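What follows is a set of notes on a single structure, which appears directly below.
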Amino acid sequence: MTEVAVAVHGLKKDYGKVEAVKGVDFEVAPGEVFGFLGPNGAGKTTTISMLCTLVNPTGGSATVAGYDVVRERDEVRRNIGLVFQDPTLDGYLSAEQNLRFHAELYGVPKSIVGDRIKQVMEMVALWDRKDAKVMTFSGGMKRRLEIARGLLHSPRVLFLDEPTVGLDPQTRSAIWGYINQLRHLEDITIFMTTHYMDEAEYCDRIAIIDHGEIVVIDSPEALKASIGKDRVQIQTGDDDAAIKALREKFDLDAAVREGAVTFAVASGEEFVPRLFAELGMPIKSVSVSRPSLDDVFMNYTGSTIRDAEEGAEAGGRAWMRAMARR
Amino acid sequence: MATEAISVRVPVHSAGHDLRAVKVVLHRELLRFVNDRTRMLSMLLQPVLWLFVMGTGLGSLVRGTIPGIDYRTFMYPGMISMTVIMTGMFSAGSIVWDREFGFLREMLVAPVSRGAIVVGKCLGGALVATGQGVVILAMAGLVGVPYSPALIVTLLAEMFLAAFTITAFGVMLAARMRNMQTFFGLMQMAIMPMMFLSGAMFPLANLPSWLHLLTVINPMTYAVDPMRQAVFSHLDVPAQVNAVLNPGVRWFDFQVPVGLELGVVALLGAVLLGVGIAQFRRAE
């Protein structure tokens with residue numbers, strides 16, 4: 001096995017004037033679960049598409065499993081598994097037929113195709129549905145089948161682009177169960193994108209990407225520790241007055257996030273009694289939370305991921321137009 | 001549940017690997033066809049209507065001018081090609097369908113050449129179309145065409161060739177297309193005039209020169225004529241009627257032999273296939 005599973009240097013992609021990815025650098029070690037976290041339109045899918053040889057970069061270079069994504073495209077493709085955001089299954093074929101098709105296209109040796117299909121389907125608990133047509137499957141079952149298919153040819157790197165988007169919480173946690181199990185069963189590196197903060201915690205390391213640039217890369221624990229403060233959100237009758245009072249009385253920077261006055265403070269629980277005593281205005285409700293990746297995101301990008309997505313809408317539309325013109 | 005992962009060593013790129021890709025794309029085409037009975041029936045209905053309804057109606061009108069032969073016998077080879085062409089086009093159209101539903105992506109990201117995928121698609125389409133043609137072939141007795149093994153083999157081979165070329169044509173059209181409606185619109189627009197001008201429905205003898213010119217430049221003429229010549233060579237038809245119904249194709253004063261006609265179809269098929277592959281290579 002090569003020493004790095006994925007190595008990226010100054011990777012860039014622009015669509016006309018829109019810079020989707022503005023020169024990113026990072027490395028992923030073999031066996032790692034690496035997460036790309038960012039709001040929609042931040043450049044996650046564009047980056048993953050370049051690594052999967054689906055989109056040609058306009059600058060920089062990248063290797064996956066030791067192969068250059070531009071010059072050694074077929075070698076890269078042979079060594080990666082892909083699970084896209086949108087389903088790419090043939091609904092008219094049975095689950096097993098879909099996997100057989102994949103095995104043939106990827107040249108899996110004939111003598112082991114049957115056993116391998118059984119193994120990956122058992123891993124995602126779909127073996128008993130192998131003869132059912134895929135069009136009868138629910139969204140979660142389709143995604144599980146796609147994960148099984150992505151693993152069929154024993155890729156060195158598995159790319160998951162938003163593997164749990166649009167699924168109900170139960171199915172999401174089931175899929176995370178499979179991914180965790182996978183790490184123990186297979187010698188594999190997992191590269192995934194997500195915009196769910198809670199899912200990013202499953203990763204060994206996270207890169208936060210915003211506006212086409214990597215803001216920070218570290219483990220979830222280190223990122224949270226780097227914040228060192230709790231998040232406090234309060235509901236008041238007059239948000240502007242509350243923000244002003246917080247600055248004057250406690251020297252705290254607060255802002256309205258997700259409809260509540262939000263600020264970060266060390267030892268949040270101990271701060272709450274002081275807050276009530278000294279703020280000098282009524283507080284309707286208060287919540288204190290330990291730093292989450294959401295706070296990390298907010299700390300490094302200055303907005304919560306949900307707010308960032310609303311703001312990115314306008315930029316996203318420009319990007320869509322640029323894509324449509326291609 | 002197995003705890004040891006079965007390790008898969010995917011071999012390096014080879015001709016054998018591309019061949020497997022061709023085979024599996026072809027295999028899927030057959031599976032899809034067998035699973036879709038409605039499509040099978042609808043593809044059959046139109047030629048059968050033409051043959052037995054239109055053929056019978058027109059036949060009663062022209063009975064006096066073509067003694068000794070049923071008009072439906074004349075239409076028969078034309079209807080075989082019509083079936084084959086419609087089925088082939090439909091198979092090609094499934095590429096657009098695959099694109100809409102995402103499956104095309106699964107094929108395009110695989111470590112196989114685009115050529116293997118396109119060739120597999122065209123062979124699959126041709127095989128499915130030939131299979132559909134066999135059903136029309138089975139009706140030979142109903143329109144007075146003998147079940148001669150030599151005739152059947154000849155027709156099968158000619159059907160396959162025609163089907164391959166038309167599927168390649170369809171794949172070329174489908175390469176850039178994003179939605180089914182556009183494809184079917186274009187397909188209708190292309191197929192109708194090709195059918196009318198191919199000699200599938202009326203004989204090409206004694207046509208006004210402008211119409212004759214159009215039939216000669218219509219590639220489908222060269223797919224229909226060999227089938228008609230094969231059928232007529234197994235019939236006992238008066239020379240004078242044969243001259244009207246089965247005139248063959250003439251380039252000025254040159255009577256085009258069947259071999260050359262088939263060569264034209266094969267060459268066209270190869271060219272269309274090449275263009276189709278090139279389009280898929282470019283359409284990233």
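Chain lettering (A, B, ...) mirrors the order of the structure tokens, residue numbering begins at 1 for each chain separately, and ligand numbering begins at 1 in order of display.
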
Review point. Taking only C-alpha atoms into account, what are the residues of chain A at most 10 Å from chain B, put as number ranges by chain?
Key: A: 52-56, 73-84, 86-93, 97-98, 100-109, 112-113, 115-120, 122-123, 152-155, 182, 184-187

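Those residues in segment 59-147 of chain A carrying a DSSP assignment of strand (DSSP E), computed from the backbone, are Gly59, Gly60, Ser61, Ala62, Thr63, Val64, Tyr67, Asp68, Ile80, Gly81, Leu82 and Val83 of chain A.
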
Residues just named, written with C-alpha atoms as a PDB file, in the first residue's frame:
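File again.pdb, as written:
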ATOM      1  CA  GLY A  59      -4.983  23.649 -11.686  1.00  0.00           C
ATOM      2  CA  GLY A  60      -2.884  21.733  -9.167  1.00  0.00           C
ATOM      3  CA  SER A  61      -2.578  17.975  -8.904  1.00  0.00           C
ATOM      4  CA  ALA A  62      -3.968  15.044  -6.966  1.00  0.00           C
ATOM      5  CA  THR A  63      -3.155  11.381  -6.548  1.00  0.00           C
ATOM      6  CA  VAL A  64      -5.522   8.702  -5.302  1.00  0.00           C
ATOM      7  CA  TYR A  67      -2.218   7.302  -9.177  1.00  0.00           C
ATOM      8  CA  ASP A  68      -2.568  10.703 -10.776  1.00  0.00           C
ATOM      9  CA  ILE A  80     -11.869   3.613  -5.919  1.00  0.00           C
ATOM     10  CA  GLY A  81     -15.457   2.920  -4.995  1.00  0.00           C
ATOM     11  CA  LEU A  82     -18.065   5.588  -5.521  1.00  0.00           C
ATOM     12  CA  VAL A  83     -21.355   6.328  -3.855  1.00  0.00           C
TER      13      VAL A  83
END

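Close contacts of segment 163-172 of chain A, defined as residues with an atom at most 9 Å away when counting only C-alpha atoms, with chain neighbours fewer than 2 positions off set aside, comprise Val83, Phe84, Gln85, Gly139, Gly140, Met141, Arg143, Ile147, Leu160, Asp161, Ala174, Ile175, Trp176, Gly177, Met192, Thr193, Thr194, His195 and Tyr196 of chain A.
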
Review point. Could you name the residues that touch Thr189 of chain A at 9 Å or less, counting only C-alpha atoms, but leaving out those on the same chain fewer than 5 positions away, as a list in words?
Key: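 With the cut-off at 9 Å, the set is Ala5, Val6, Val28, Ala29, Pro30, Gly31, Glu32, Val33, Phe34, Pro155, Arg156, Val157, Leu158, Phe159 and Arg183 of chain A.
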
Point to revise | Non-local contacts of segment 222-234 of chain B (7 Å; only C-alpha atoms; under 5 positions in same chain excluded) as a list in words | key: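 Residues near the query, excluding close chain neighbours: Pro77, Gly78, Ser81, Leu151, Leu155, Glu158, Ala162, Ser198, Gly199, Ala200, Asn246, Gly248, Val258, Glu261, Leu262 and Val265 of chain B.
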
Point to revise | atom CA of Tyr202 of chain A to atom CA of Leu11 of chain A, straight-line distance in Å | key: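 According to the coordinates, atom CA of Leu11 of chain A and atom CA of Tyr202 of chain A are separated by 25.6 Å.
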
Exercise for review: Would you list the contacts of Ala270 of chain B as number ranges by chain, taking every protein, DNA or RNA residue within 10 Å and counting only C-alpha atoms, but skipping same-chain residues closer than 3 positions in sequence?
Suggested key: B: 164-165, 168-169, 264-267, 273-276
